[in-house]
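Visitor: entry.csv is reproduced below (CSV, C-alpha atoms and all ligand atoms).
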chain,number,residue,atom,x,y,z
D,1,MET,CA,-6.5,31.8,-1.0
D,2,THR,CA,-9.8,31.8,0.8
D,3,ILE,CA,-12.0,28.8,1.1
D,4,ARG,CA,-14.6,30.6,-1.0
D,5,ALA,CA,-12.1,31.4,-3.8
D,6,ALA,CA,-10.9,27.8,-3.7
D,7,GLY,CA,-14.5,26.5,-4.1
D,8,MET,CA,-15.1,28.8,-7.1
D,9,LEU,CA,-11.9,27.7,-8.8
D,10,ARG,CA,-12.9,24.1,-8.3
D,11,ARG,CA,-16.3,24.6,-9.9
D,12,ALA,CA,-14.7,26.3,-12.9
D,13,ALA,CA,-12.1,23.5,-13.2
D,14,PHE,CA,-14.9,20.9,-13.3
D,15,ARG,CA,-16.3,22.5,-16.4
D,16,MET,CA,-12.9,22.0,-18.2
D,17,ASP,CA,-11.4,18.9,-19.8
D,18,PRO,CA,-9.7,17.1,-16.8
D,19,GLU,CA,-6.2,17.3,-18.2
D,20,ARG,CA,-6.5,21.0,-19.1
D,21,ALA,CA,-7.9,21.7,-15.6
D,22,HIS,CA,-4.9,19.9,-14.1
D,23,GLU,CA,-2.5,21.9,-16.3
D,24,ALA,CA,-4.2,25.2,-15.4
D,25,ALA,CA,-4.0,24.3,-11.7
D,26,LEU,CA,-0.3,23.6,-12.0
D,27,ARG,CA,0.3,26.9,-13.9
D,28,ALA,CA,-1.6,28.8,-11.2
D,29,LEU,CA,0.5,27.2,-8.5
D,30,GLN,CA,3.7,27.9,-10.4
D,31,ALA,CA,2.8,31.5,-11.0
D,32,GLY,CA,1.2,32.1,-7.6
D,33,GLY,CA,4.4,31.5,-5.6
D,34,PRO,CA,4.7,34.9,-3.9
D,35,ALA,CA,1.0,35.0,-3.0
D,36,LEU,CA,1.2,31.5,-1.6
D,37,ALA,CA,4.3,32.4,0.3
D,38,ALA,CA,2.4,35.3,1.9
D,39,ALA,CA,-0.4,33.0,2.8
D,40,SER,CA,1.7,30.1,3.9
D,41,SER,CA,1.6,30.9,7.6
D,42,TRP,CA,-2.1,30.2,7.3
D,43,THR,CA,-2.0,27.2,4.9
D,44,SER,CA,1.0,25.3,6.4
D,45,GLN,CA,0.9,23.9,9.8
D,46,ARG,CA,3.8,24.0,12.1
D,47,ASP,CA,2.9,22.0,15.2
D,48,ALA,CA,5.2,19.7,17.0
D,49,THR,CA,2.5,17.1,17.5
D,50,VAL,CA,2.5,16.3,13.8
D,51,GLY,CA,6.2,16.7,13.1
D,52,GLN,CA,8.3,13.6,12.6
D,53,HIS,CA,11.9,12.7,11.9
D,54,LEU,CA,11.9,9.8,9.5
D,55,MET,CA,14.6,8.5,7.0
D,56,ASP,CA,16.9,11.2,8.5
D,57,LEU,CA,14.6,13.9,7.2
D,58,SER,CA,12.3,16.3,9.1
D,59,PHE,CA,8.6,16.2,8.1
D,60,GLU,CA,6.6,19.1,9.6
D,61,GLY,CA,3.4,17.4,8.6
D,62,PRO,CA,2.4,13.8,7.6
D,63,VAL,CA,0.4,14.7,4.4
D,64,GLY,CA,2.4,14.7,1.2
D,65,LEU,CA,1.7,15.1,-2.5
D,66,ALA,CA,1.5,11.8,-4.3
D,67,ALA,CA,3.5,11.1,-7.4
D,68,GLY,CA,2.0,12.0,-10.8
D,69,TYR,CA,0.5,15.4,-9.9
D,70,ASP,CA,3.7,17.3,-10.4
D,71,LYS,CA,5.3,15.0,-13.0
D,72,TYR,CA,7.5,17.8,-14.5
D,73,GLY,CA,8.6,19.4,-11.2
D,74,ARG,CA,7.0,22.7,-12.1
D,75,ALA,CA,5.5,23.7,-8.8
D,76,VAL,CA,8.1,22.4,-6.4
D,77,ARG,CA,8.0,25.5,-4.2
D,78,ALA,CA,4.2,25.6,-4.0
D,79,TRP,CA,3.6,22.4,-2.1
D,80,GLY,CA,5.0,23.3,1.3
D,81,ARG,CA,3.2,26.6,1.1
D,82,LEU,CA,-0.1,24.8,0.6
D,83,GLY,CA,0.5,22.8,3.8
D,84,PHE,CA,2.0,19.6,2.3
D,85,GLY,CA,4.6,18.1,4.6
D,86,PHE,CA,6.5,16.6,1.6
D,87,ALA,CA,6.1,16.1,-2.1
D,88,GLU,CA,6.9,13.3,-4.6
D,89,ILE,CA,7.8,14.7,-8.0
D,90,GLY,CA,7.5,12.5,-11.1
D,91,THR,CA,7.3,9.8,-12.2
D,92,VAL,CA,10.5,10.7,-14.1
D,93,THR,CA,12.0,8.4,-16.7
D,94,ALA,CA,15.5,8.3,-18.0
D,95,ARG,CA,14.4,9.6,-21.4
D,96,PRO,CA,11.8,12.3,-22.0
D,97,GLN,CA,8.5,10.8,-23.3
D,98,PRO,CA,5.1,12.1,-24.3
D,99,GLY,CA,3.0,9.5,-22.6
D,100,ASN,CA,-0.2,8.1,-24.2
D,101,PRO,CA,-2.4,10.0,-26.6
D,102,ARG,CA,-5.1,12.2,-25.1
D,103,PRO,CA,-7.7,11.9,-23.7
D,104,ARG,CA,-6.0,9.9,-21.0
D,105,LEU,CA,-7.5,11.4,-17.8
D,106,PHE,CA,-11.1,10.9,-16.8
D,107,ARG,CA,-13.3,11.9,-13.9
D,108,LEU,CA,-15.9,9.7,-12.2
D,109,PRO,CA,-17.7,12.4,-10.2
D,110,ALA,CA,-20.2,10.1,-8.5
D,111,ASP,CA,-17.3,8.2,-6.9
D,112,GLU,CA,-15.0,11.2,-6.5
D,113,ALA,CA,-12.6,9.0,-8.5
D,114,ILE,CA,-10.3,9.3,-11.5
D,115,VAL,CA,-9.2,6.9,-14.2
D,116,ASN,CA,-5.9,7.7,-15.9
D,117,ARG,CA,-3.6,6.2,-18.5
D,118,MET,CA,-1.1,9.1,-18.7
D,119,GLY,CA,1.8,6.7,-19.4
D,120,PHE,CA,4.6,8.6,-17.7
D,121,ASN,CA,4.5,11.8,-19.7
D,122,ASN,CA,7.6,13.7,-18.5
D,123,ASP,CA,10.6,15.7,-19.5
D,124,GLY,CA,13.2,13.0,-18.7
D,125,ALA,CA,15.6,12.9,-15.8
D,126,ALA,CA,18.2,15.5,-17.0
D,127,VAL,CA,15.7,18.3,-17.6
D,128,THR,CA,13.7,17.5,-14.5
D,129,ALA,CA,16.8,17.4,-12.3
D,130,ARG,CA,17.8,20.9,-13.5
D,131,ARG,CA,14.3,22.2,-12.8
D,132,ILE,CA,14.1,20.8,-9.3
D,133,ALA,CA,17.6,22.1,-8.6
D,134,ASP,CA,16.6,25.6,-9.7
D,135,ALA,CA,13.4,25.4,-7.5
D,136,ARG,CA,15.4,24.3,-4.5
D,137,ARG,CA,17.9,27.2,-4.6
D,138,GLY,CA,17.6,29.9,-1.9
D,139,ALA,CA,14.5,29.5,0.2
D,140,GLY,CA,13.8,26.3,-1.8
D,141,ALA,CA,10.8,24.0,-1.2
D,142,GLY,CA,10.9,24.1,2.6
D,143,ILE,CA,9.8,20.5,2.8
D,144,PRO,CA,11.4,17.2,1.9
D,145,VAL,CA,11.2,16.6,-1.9
D,146,GLY,CA,11.3,13.1,-3.2
D,147,VAL,CA,11.6,12.0,-6.8
D,148,ASN,CA,9.7,9.0,-8.1
D,149,ILE,CA,11.4,7.2,-11.0
D,150,GLY,CA,10.1,4.7,-13.5
D,151,LYS,CA,11.2,2.8,-16.5
D,152,SER,CA,11.2,4.6,-19.9
D,153,LYS,CA,8.7,3.0,-22.3
D,154,VAL,CA,11.3,2.2,-24.9
D,155,THR,CA,13.6,0.4,-22.5
D,156,PRO,CA,13.0,-3.4,-22.5
D,157,LEU,CA,12.1,-4.9,-19.1
D,158,GLU,CA,15.5,-6.7,-18.9
D,159,ARG,CA,17.3,-3.4,-19.0
D,160,ALA,CA,15.0,-1.8,-16.4
D,161,ALA,CA,17.8,-1.6,-13.8
D,162,ASP,CA,20.0,0.4,-16.2
D,163,ASP,CA,17.2,2.8,-17.0
D,164,HIS,CA,16.5,3.4,-13.3
D,165,LEU,CA,20.3,3.9,-12.7
D,166,ALA,CA,20.5,6.5,-15.4
D,167,SER,CA,17.7,8.5,-13.8
D,168,PHE,CA,19.1,7.9,-10.3
D,169,ARG,CA,22.5,9.3,-11.2
D,170,LEU,CA,20.9,12.5,-12.6
D,171,LEU,CA,18.4,13.0,-9.8
D,172,ARG,CA,20.3,11.9,-6.7
D,173,GLY,CA,21.7,15.3,-6.1
D,174,VAL,CA,18.3,17.1,-6.0
D,175,ALA,CA,16.2,14.6,-4.2
D,176,ASP,CA,15.8,13.9,-0.4
D,177,PHE,CA,14.4,10.5,-1.1
D,178,VAL,CA,13.8,8.3,-4.2
D,179,VAL,CA,10.7,6.1,-4.9
D,180,VAL,CA,10.9,3.4,-7.5
D,181,ASN,CA,7.6,3.0,-9.2
D,182,VAL,CA,7.1,-0.5,-10.5
D,183,SER,CA,3.3,-0.3,-10.1
D,184,SER,CA,1.9,1.9,-12.8
D,185,PRO,CA,-0.6,0.1,-15.0
D,186,ASN,CA,0.1,2.4,-17.9
D,187,THR,CA,3.5,1.2,-19.2
D,188,PRO,CA,3.2,-2.2,-20.8
D,189,GLY,CA,4.8,-4.9,-18.6
D,190,LEU,CA,5.9,-2.5,-15.9
D,191,ARG,CA,4.1,-4.2,-13.0
D,192,GLU,CA,6.1,-7.4,-13.8
D,193,LEU,CA,9.0,-5.6,-12.2
D,194,GLN,CA,7.3,-6.1,-8.8
D,195,ASP,CA,8.6,-9.7,-8.6
D,196,ARG,CA,11.5,-10.5,-6.4
D,197,ALA,CA,14.1,-11.0,-9.1
D,198,HIS,CA,13.4,-7.7,-10.9
D,199,LEU,CA,13.1,-5.7,-7.6
D,200,THR,CA,16.4,-7.1,-6.4
D,201,SER,CA,18.1,-6.1,-9.6
D,202,ILE,CA,16.7,-2.6,-9.8
D,203,LEU,CA,16.8,-1.7,-6.1
D,204,GLY,CA,20.1,-3.4,-5.5
D,205,ALA,CA,21.7,-1.5,-8.3
D,206,LEU,CA,20.4,1.8,-7.0
D,207,ARG,CA,21.6,1.0,-3.5
D,208,ASP,CA,25.1,0.0,-4.7
D,209,GLU,CA,25.3,3.1,-6.9
D,210,ASP,CA,24.4,5.3,-4.0
D,211,ALA,CA,27.1,3.7,-1.8
D,212,ALA,CA,29.7,4.1,-4.6
D,213,MET,CA,28.8,7.8,-5.1
D,214,ARG,CA,28.9,8.5,-1.4
D,215,ARG,CA,32.5,7.5,-1.3
D,216,TYR,CA,33.1,10.6,-3.5
D,217,ASP,CA,30.7,13.1,-2.3
D,218,GLY,CA,30.2,12.1,1.3
D,219,ARG,CA,26.4,12.7,1.1
D,220,PRO,CA,24.2,10.8,3.6
D,221,PRO,CA,22.6,7.6,2.3
D,222,MET,CA,19.7,8.2,-0.1
D,223,PRO,CA,16.5,6.8,1.4
D,224,LEU,CA,15.1,4.4,-1.2
D,225,LEU,CA,11.4,3.3,-1.3
D,226,VAL,CA,9.4,1.1,-3.6
D,227,LYS,CA,5.8,1.8,-4.6
D,228,LEU,CA,3.5,-1.2,-5.0
D,229,ALA,CA,0.1,-1.9,-6.7
D,230,PRO,CA,-3.1,-2.6,-4.9
D,231,ASP,CA,-3.8,-5.5,-7.3
D,232,LEU,CA,-0.9,-7.6,-5.9
D,233,PRO,CA,-1.9,-10.5,-3.7
D,234,ASP,CA,-1.1,-10.1,0.0
D,235,ALA,CA,1.7,-12.6,-0.1
D,236,GLN,CA,3.5,-10.7,-2.8
D,237,VAL,CA,3.3,-7.5,-0.8
D,238,GLU,CA,4.7,-9.4,2.2
D,239,ASP,CA,7.5,-10.7,0.1
D,240,ALA,CA,8.2,-7.2,-1.2
D,241,VAL,CA,8.3,-5.9,2.4
D,242,ASP,CA,10.7,-8.7,3.3
D,243,LEU,CA,12.9,-7.8,0.4
D,244,ALA,CA,12.8,-4.1,1.2
D,245,GLY,CA,14.2,-5.1,4.6
D,246,GLU,CA,16.8,-7.3,3.2
D,247,LEU,CA,18.0,-4.7,0.7
D,248,GLY,CA,18.1,-2.0,3.4
D,249,LEU,CA,15.5,0.2,1.8
D,250,ALA,CA,14.0,3.1,3.8
D,251,GLY,CA,10.3,2.2,3.1
D,252,VAL,CA,7.4,1.2,1.0
D,253,VAL,CA,4.7,3.3,-0.6
D,254,LEU,CA,1.3,1.6,-0.8
D,255,THR,CA,-0.6,1.9,-3.2
D,256,ASN,CA,-0.7,3.0,-6.8
D,257,THR,CA,-3.9,3.0,-8.8
D,258,THR,CA,-5.9,-0.2,-9.4
D,259,ILE,CA,-6.9,-1.9,-12.6
D,260,ALA,CA,-10.0,-3.2,-10.8
D,261,ARG,CA,-13.4,-1.5,-11.2
D,262,GLU,CA,-15.0,-2.9,-8.1
D,263,GLY,CA,-17.2,-1.0,-5.6
D,264,LEU,CA,-18.1,1.9,-7.9
D,265,ALA,CA,-21.2,3.9,-7.0
D,266,ASP,CA,-21.7,4.5,-10.7
D,267,PRO,CA,-20.2,1.5,-12.5
D,268,LEU,CA,-21.9,2.7,-15.7
D,269,ALA,CA,-20.1,6.0,-15.8
D,270,PRO,CA,-18.4,6.3,-19.2
D,271,ALA,CA,-15.0,6.8,-17.5
D,272,ALA,CA,-15.4,3.4,-15.7
D,273,THR,CA,-14.9,1.6,-19.0
D,274,GLU,CA,-11.8,3.5,-19.9
D,275,GLN,CA,-8.5,1.6,-19.7
D,276,GLY,CA,-6.1,2.8,-17.0
D,277,GLY,CA,-5.7,3.0,-13.3
D,278,LEU,CA,-8.6,3.9,-11.0
D,279,SER,CA,-7.9,6.2,-8.0
D,280,GLY,CA,-9.8,7.9,-5.2
D,281,PRO,CA,-12.3,6.3,-2.7
D,282,PRO,CA,-12.8,3.1,-4.7
D,283,VAL,CA,-9.1,2.1,-4.0
D,284,ARG,CA,-9.3,3.1,-0.3
D,285,ALA,CA,-10.3,-0.2,1.3
D,286,ARG,CA,-7.7,-2.3,-0.6
D,287,ALA,CA,-4.9,0.3,0.0
D,288,ASP,CA,-5.8,0.3,3.7
D,289,GLU,CA,-5.9,-3.5,3.9
D,290,LEU,CA,-2.4,-3.7,2.2
D,291,MET,CA,-1.1,-1.1,4.6
D,292,ARG,CA,-2.1,-3.4,7.5
D,293,VAL,CA,-0.5,-6.4,5.7
D,294,ALA,CA,2.7,-4.5,5.2
D,295,ALA,CA,2.8,-3.0,8.7
D,296,ARG,CA,2.4,-6.3,10.4
D,297,ARG,CA,5.2,-7.7,8.2
D,298,ALA,CA,7.5,-4.8,8.6
D,299,ALA,CA,7.0,-4.6,12.4
D,300,GLY,CA,8.3,-1.0,12.6
D,301,ALA,CA,11.4,-1.6,10.5
D,302,LEU,CA,10.4,0.4,7.5
D,303,VAL,CA,8.7,3.8,6.8
D,304,LEU,CA,5.3,3.0,5.3
D,305,VAL,CA,3.7,5.7,3.2
D,306,GLY,CA,-0.1,5.3,2.7
D,307,VAL,CA,-1.8,6.5,-0.4
D,308,GLY,CA,-5.1,5.7,-2.1
D,309,GLY,CA,-8.5,7.2,-1.5
D,310,ILE,CA,-7.5,9.6,1.3
D,311,MET,CA,-9.9,12.5,1.0
D,312,ASP,CA,-10.2,13.8,4.6
D,313,ALA,CA,-8.8,13.6,8.1
D,314,ASP,CA,-10.7,10.5,9.0
D,315,ASP,CA,-9.3,8.6,6.0
D,316,ALA,CA,-5.8,9.8,6.9
D,317,TRP,CA,-6.3,8.8,10.5
D,318,GLN,CA,-7.4,5.4,9.5
D,319,ARG,CA,-4.4,4.8,7.2
D,320,ILE,CA,-2.0,6.1,9.9
D,321,ALA,CA,-3.7,3.8,12.5
D,322,SER,CA,-3.2,1.0,10.0
D,323,GLY,CA,0.6,1.6,10.0
D,324,ALA,CA,1.4,4.6,7.8
D,325,SER,CA,3.8,7.1,9.2
D,326,LEU,CA,3.1,9.4,6.2
D,327,VAL,CA,0.2,9.7,3.8
D,328,GLU,CA,-0.2,11.2,0.3
D,329,VAL,CA,-3.1,12.5,-1.8
D,330,TRP,CA,-3.7,12.9,-5.5
D,331,THR,CA,-7.4,12.5,-6.3
D,332,GLY,CA,-8.4,14.3,-3.1
D,333,LEU,CA,-6.7,17.5,-4.5
D,334,VAL,CA,-9.1,17.4,-7.4
D,335,TYR,CA,-12.3,16.8,-5.5
D,336,ARG,CA,-11.5,18.5,-2.2
D,337,GLY,CA,-9.4,21.4,-3.5
D,338,PRO,CA,-5.9,22.8,-2.9
D,339,LEU,CA,-6.3,23.2,0.8
D,340,ILE,CA,-6.7,19.5,1.4
D,341,ALA,CA,-3.3,19.0,3.0
D,342,ARG,CA,-3.9,21.8,5.5
D,343,ASP,CA,-7.4,20.6,6.2
D,344,ILE,CA,-6.3,17.0,6.8
D,345,THR,CA,-3.4,18.1,9.0
D,346,LEU,CA,-5.7,20.3,11.1
D,347,GLY,CA,-8.2,17.5,11.3
D,348,LEU,CA,-5.6,15.1,12.5
D,349,MET,CA,-4.4,17.6,15.2
D,350,GLN,CA,-8.0,18.0,16.4
D,351,ARG,CA,-8.6,14.3,16.6
D,352,MET,CA,-5.4,13.7,18.5
D,353,ARG,CA,-6.6,16.3,21.0
D,354,ASP,CA,-10.0,14.5,21.2
D,355,GLU,CA,-8.4,11.1,21.7
D,356,GLY,CA,-5.7,12.2,24.1
D,357,ALA,CA,-2.8,11.5,21.8
D,358,SER,CA,0.1,13.8,22.3
D,359,HIS,CA,2.1,12.9,19.1
D,360,ILE,CA,1.2,11.5,15.7
D,361,SER,CA,3.6,8.6,16.2
D,362,GLU,CA,1.2,7.3,18.9
D,363,VAL,CA,-1.4,6.9,16.2
D,364,VAL,CA,0.9,5.0,13.8
D,365,GLY,CA,-0.2,1.4,13.7
D,366,SER,CA,-2.6,1.9,16.7
D,367,ALA,CA,-5.3,-0.1,14.9
D,368,LEU,CA,-3.1,-3.2,14.3
D,369,GLY,CA,-3.7,-4.8,17.7
D,370,ALA,CA,-1.2,-6.7,19.6
Z,401,LIG,C1,-3.6,11.3,-13.2
Z,401,LIG,C2,-2.8,10.5,-12.3
Z,401,LIG,C3,-1.4,10.3,-12.6
Z,401,LIG,C4,-0.6,9.5,-11.8
Z,401,LIG,N1,0.7,9.4,-12.1
Z,401,LIG,C5,1.5,8.7,-11.3
Z,401,LIG,C6,2.9,8.6,-11.5
Z,401,LIG,O1,3.4,9.2,-12.5
Z,401,LIG,N2,3.6,7.8,-10.7
Z,401,LIG,C7,3.1,7.2,-9.6
Z,401,LIG,O2,3.9,6.6,-8.8
Z,401,LIG,N3,1.8,7.3,-9.3
Z,401,LIG,C8,1.0,8.0,-10.1
Z,401,LIG,N4,-0.3,8.2,-9.8
Z,401,LIG,C9,-0.9,7.4,-8.6
Z,401,LIG,C10,-1.0,8.3,-7.4
Z,401,LIG,O3,0.3,8.7,-7.0
Z,401,LIG,C11,-1.6,7.5,-6.3
Z,401,LIG,O4,-0.8,6.4,-5.9
Z,401,LIG,C12,-3.0,7.0,-6.6
Z,401,LIG,O5,-3.7,7.9,-7.4
Z,401,LIG,C13,-3.9,6.7,-5.4
Z,401,LIG,O6,-4.0,7.9,-4.6
Z,401,LIG,P1,-5.3,8.8,-4.6
Z,401,LIG,O7,-6.5,7.9,-4.4
Z,401,LIG,O8,-5.1,9.8,-3.6
Z,401,LIG,O9,-5.3,9.4,-6.0
Z,401,LIG,C14,-1.2,8.9,-10.6
Z,401,LIG,C15,-2.5,9.1,-10.3
Z,401,LIG,C16,-3.3,9.9,-11.1
Z,401,LIG,C17,-4.8,10.1,-10.7
Could I get this structure in the form of structure tokens?

Guide:
Amino acid sequence: MTIRAAGMLRRAAFRMDPERAHEAALRALQAGGPALAAASSWTSQRDATVGQHLMDLSFEGPVGLAAGYDKYGRAVRAWGRLGFGFAEIGTVTARPQPGNPRPRLFRLPADEAIVNRMGFNNDGAAVTARRIADARRGAGAGIPVGVNIGKSKVTPLERAADDHLASFRLLRGVADFVVVNVSSPNTPGLRELQDRAHLTSILGALRDEDAAMRRYDGRPPMPLLVKLAPDLPDAQVEDAVDLAGELGLAGVVLTNTTIAREGLADPLAPAATEQGGLSGPPVRARADELMRVAARRAAGALVLVGVGGIMDADDAWQRIASGASLVEVWTGLVYRGPLIARDITLGLMQRMRDEGASHISEVVGSALGA
């Protein structure tokens, strides 16, 4: 795909209903596999300066696909070919569910932002696991593929651990890492699962299940991460980071969308009043701040994944300097187009050359000070 073609596609997409445009983009990525494969030497970056070995996995680049873009696992093979270093599929719930009624996805163009209340529309863990397994056969995805799991809407909060366990059992065999999403604003009560008691019960259950299954199949330990909301107070993020360490998790993903509506260039945009989670540049400052809070607390003991308002290489650099080893994008894909991962990766490589850094790991946490 040329830069011109990508620009034309994006303009066409903006004339469509946002969710239909998203579905069309996914269909194109699903169908365009062979063409993308041919172009992938150009779109994907293989450069040792940005390659990292984290969580016992090899990441050729630090820019990943955030959860919620490929909820159904339909384009698993496309992401590596577009230059993403990893992808998070899902959120997947134990049971299939339709999500909230449409419309549920809204653009705020003046802010390059999105409000969504999708509500975990997905095919359920069994179907998604089969789809991911199919996609990973043969040449596969070529990049680490994580699965993000969340509680089914019909499951009461007190049964959340069982619901996550059901998904985990089905998806463990097809995932390189698993992210537990307790931070979506669009499932009633879900964010209450971010307190210590619920996190301990859910994440402890997954960790124990993994250990039990490993006795039979001898697989390496499954890296487990937890994804947090930007609306949590700093102290609760610090506590979650402590808990992640205590439970032996691999890392933390910061952050999900925000329920706040602060700092909008166009606060009167119709979409700003819609219920749901806000993403894109308006969440960037808080996501970056919480990255620094988490990085200071984790002191290198966890892999921190930065997401929220990353639109270009400067945003990614900033988040990495704040402590993220990996970053992810969602809203940037909509406003900056399908080559965003490649562009950010190239931009990071250029800036490393400019600043005399020989490896991306030298940038990680470099803005935290002593
Ligand atoms: C339409 C939409 C759907 C999303 N769905 C999910 C989801 O299912 N699970 C999840 O963990 N995060 C989901 N997210 C949140 C993103 O993964 C990300 O954390 C957030 O959008 C901030 O990043 P961004 O500013 O790059 O978009 C969704 C975001 C959007 C815009």

Visitor: Which residues sit within 8 Å of ligand LIG 401 (chain Z), counting only C-alpha atoms and all ligand atoms, listed as a PyMOL selection string?

Guide: chain D and resi 65-69+71+90-92+105+113-121+148-150+179-184+227+254-257+277-284+307-311+328-333

Visitor: Extract, using only C-alpha atoms, all DNA, RNA and protein residues at most 8 Å from D:His164, discarding same-chain residues fewer than 2 positions from it, and format them as an NGL selection string.

Guide: :D and (93-94 or 149-151 or 160-162 or 166-168 or 202 or 206)

Visitor: Find the residue from D:Leu57, D:Asp343, D:Asp315, D:Leu26 that sits nearest to D:Trp79; use all atoms listed in the file when measuring.

Guide: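 Using all atoms listed in the file, the shortest distance to D:Trp79 belongs to D:Leu26.
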
Visitor: Using atom CA of D:Leu54 and atom CA of D:Arg77 as the two end points, give the distance in Å to one decimal.

Guide: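 So the answer is 21.2 Å.
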
Visitor: Within 8 Å of D:Gln194, counting all atoms listed in the file, which residues show up once you throw out same-chain ones fewer than 2 positions away? Write them as a list in words, please.

Guide: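 Listing them by chain and then by number gives Val182, Ser183, Arg191, Glu192, Arg196, His198, Leu199, Leu228 and Ala240 of chain D.
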
Visitor: Keeping only C-alpha atoms, write the selected residues as a PDB file, in the frame of the given file.

Guide:
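What landed in again27.pdb:
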ATOM      1  CA  VAL D 182       7.100  -0.500 -10.500  1.00  0.00           C
ATOM      2  CA  SER D 183       3.300  -0.300 -10.100  1.00  0.00           C
ATOM      3  CA  ARG D 191       4.100  -4.200 -13.000  1.00  0.00           C
ATOM      4  CA  GLU D 192       6.100  -7.400 -13.800  1.00  0.00           C
ATOM      5  CA  ARG D 196      11.500 -10.500  -6.400  1.00  0.00           C
ATOM      6  CA  HIS D 198      13.400  -7.700 -10.900  1.00  0.00           C
ATOM      7  CA  LEU D 199      13.100  -5.700  -7.600  1.00  0.00           C
ATOM      8  CA  LEU D 228       3.500  -1.200  -5.000  1.00  0.00           C
ATOM      9  CA  ALA D 240       8.200  -7.200  -1.200  1.00  0.00           C
TER      10      ALA D 240
END

Visitor: List every protein, DNA or RNA residue that has at least one atom no more than 9 Å from (24.3, -2.7, 1.9) in the file's coordinates, counting only C-alpha atoms, and write the result as a tab-separated table (two decimals) with C-alpha atoms, in the frame of the given file.

Guide:
chain	number	residue	atom	x	y	z
D	204	GLY	CA	20.10	-3.40	-5.50
D	207	ARG	CA	21.60	1.00	-3.50
D	208	ASP	CA	25.10	0.00	-4.70
D	211	ALA	CA	27.10	3.70	-1.80
D	246	GLU	CA	16.80	-7.30	3.20
D	247	LEU	CA	18.00	-4.70	0.70
D	248	GLY	CA	18.10	-2.00	3.40

Visitor: Atom CA of D:Asp134 and atom CA of D:Gly61 are how many Å apart?

Guide: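 Separation between atom CA of D:Asp134 and atom CA of D:Gly61: 24.0 Å.
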
Visitor: Go ahead and compute the interatomic distance for atom CA of D:Ser366 and atom CA of D:Ser322, in Å to one decimal.

Guide: 6.8 Å

Visitor: Measuring between only C-alpha atoms, which one of D:Ala31, D:Ala229, D:Leu108, D:Met222 shows the shortest distance to D:Ala272?

Guide: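 Nearest to D:Ala272: D:Leu108.
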
Visitor: Kindly provide, as a count of residues only, the polymer residues lying within 10 Å of (-12.8, 25.0, -8.6), counting only C-alpha atoms and using the coordinates exactly as they appear in the file.

Guide: 19

Visitor: May I ask which of the residues D:Thr345, D:Gly306, D:Ala125, D:Ala321 is the closest one to D:Glu362, counting only C-alpha atoms?

Guide: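 Answer, going by the shortest atom-to-atom distance: D:Ala321.
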
Visitor: Find the residue from D:Thr49, D:Gln30, D:Thr128, D:Thr155 that sits nearest to D:Met352; use only C-alpha atoms when measuring.

Guide: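 Checking each candidate against D:Met352, we get D:Thr49 as the closest.
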
Visitor: Could you model N, CA and C atoms for stretch 85-95 of chain D and present them as a tab-separated table (two decimals), keeping the file's coordinate frame?

Guide:
chain	number	residue	atom	x	y	z
D	85	GLY	N	3.41	18.34	3.77
D	85	GLY	CA	4.60	18.10	4.60
D	85	GLY	C	5.76	17.55	3.75
D	86	PHE	N	5.48	17.10	2.54
D	86	PHE	CA	6.50	16.60	1.60
D	86	PHE	C	5.85	16.44	0.26
D	87	ALA	N	6.67	16.29	-0.78
D	87	ALA	CA	6.10	16.10	-2.10
D	87	ALA	C	6.95	15.09	-2.87
D	88	GLU	N	6.25	14.29	-3.68
D	88	GLU	CA	6.90	13.30	-4.60
D	88	GLU	C	6.77	13.83	-5.98
D	89	ILE	N	7.87	14.23	-6.60
D	89	ILE	CA	7.80	14.70	-8.00
D	89	ILE	C	8.00	13.50	-8.92
D	90	GLY	N	7.42	13.58	-10.13
D	90	GLY	CA	7.50	12.50	-11.10
D	90	GLY	C	6.21	11.76	-11.23
D	91	THR	N	6.19	10.63	-11.84
D	91	THR	CA	7.30	9.80	-12.20
D	91	THR	C	8.16	10.38	-13.30
D	92	VAL	N	9.49	10.26	-13.09
D	92	VAL	CA	10.50	10.70	-14.10
D	92	VAL	C	11.12	9.47	-14.67
D	93	THR	N	11.28	9.48	-15.99
D	93	THR	CA	12.00	8.40	-16.70
D	93	THR	C	13.32	8.85	-17.18
D	94	ALA	N	14.19	7.91	-17.53
D	94	ALA	CA	15.50	8.30	-18.00
D	94	ALA	C	15.46	9.18	-19.22
D	95	ARG	N	14.57	8.80	-20.13
D	95	ARG	CA	14.40	9.60	-21.40
D	95	ARG	C	13.10	10.36	-21.30
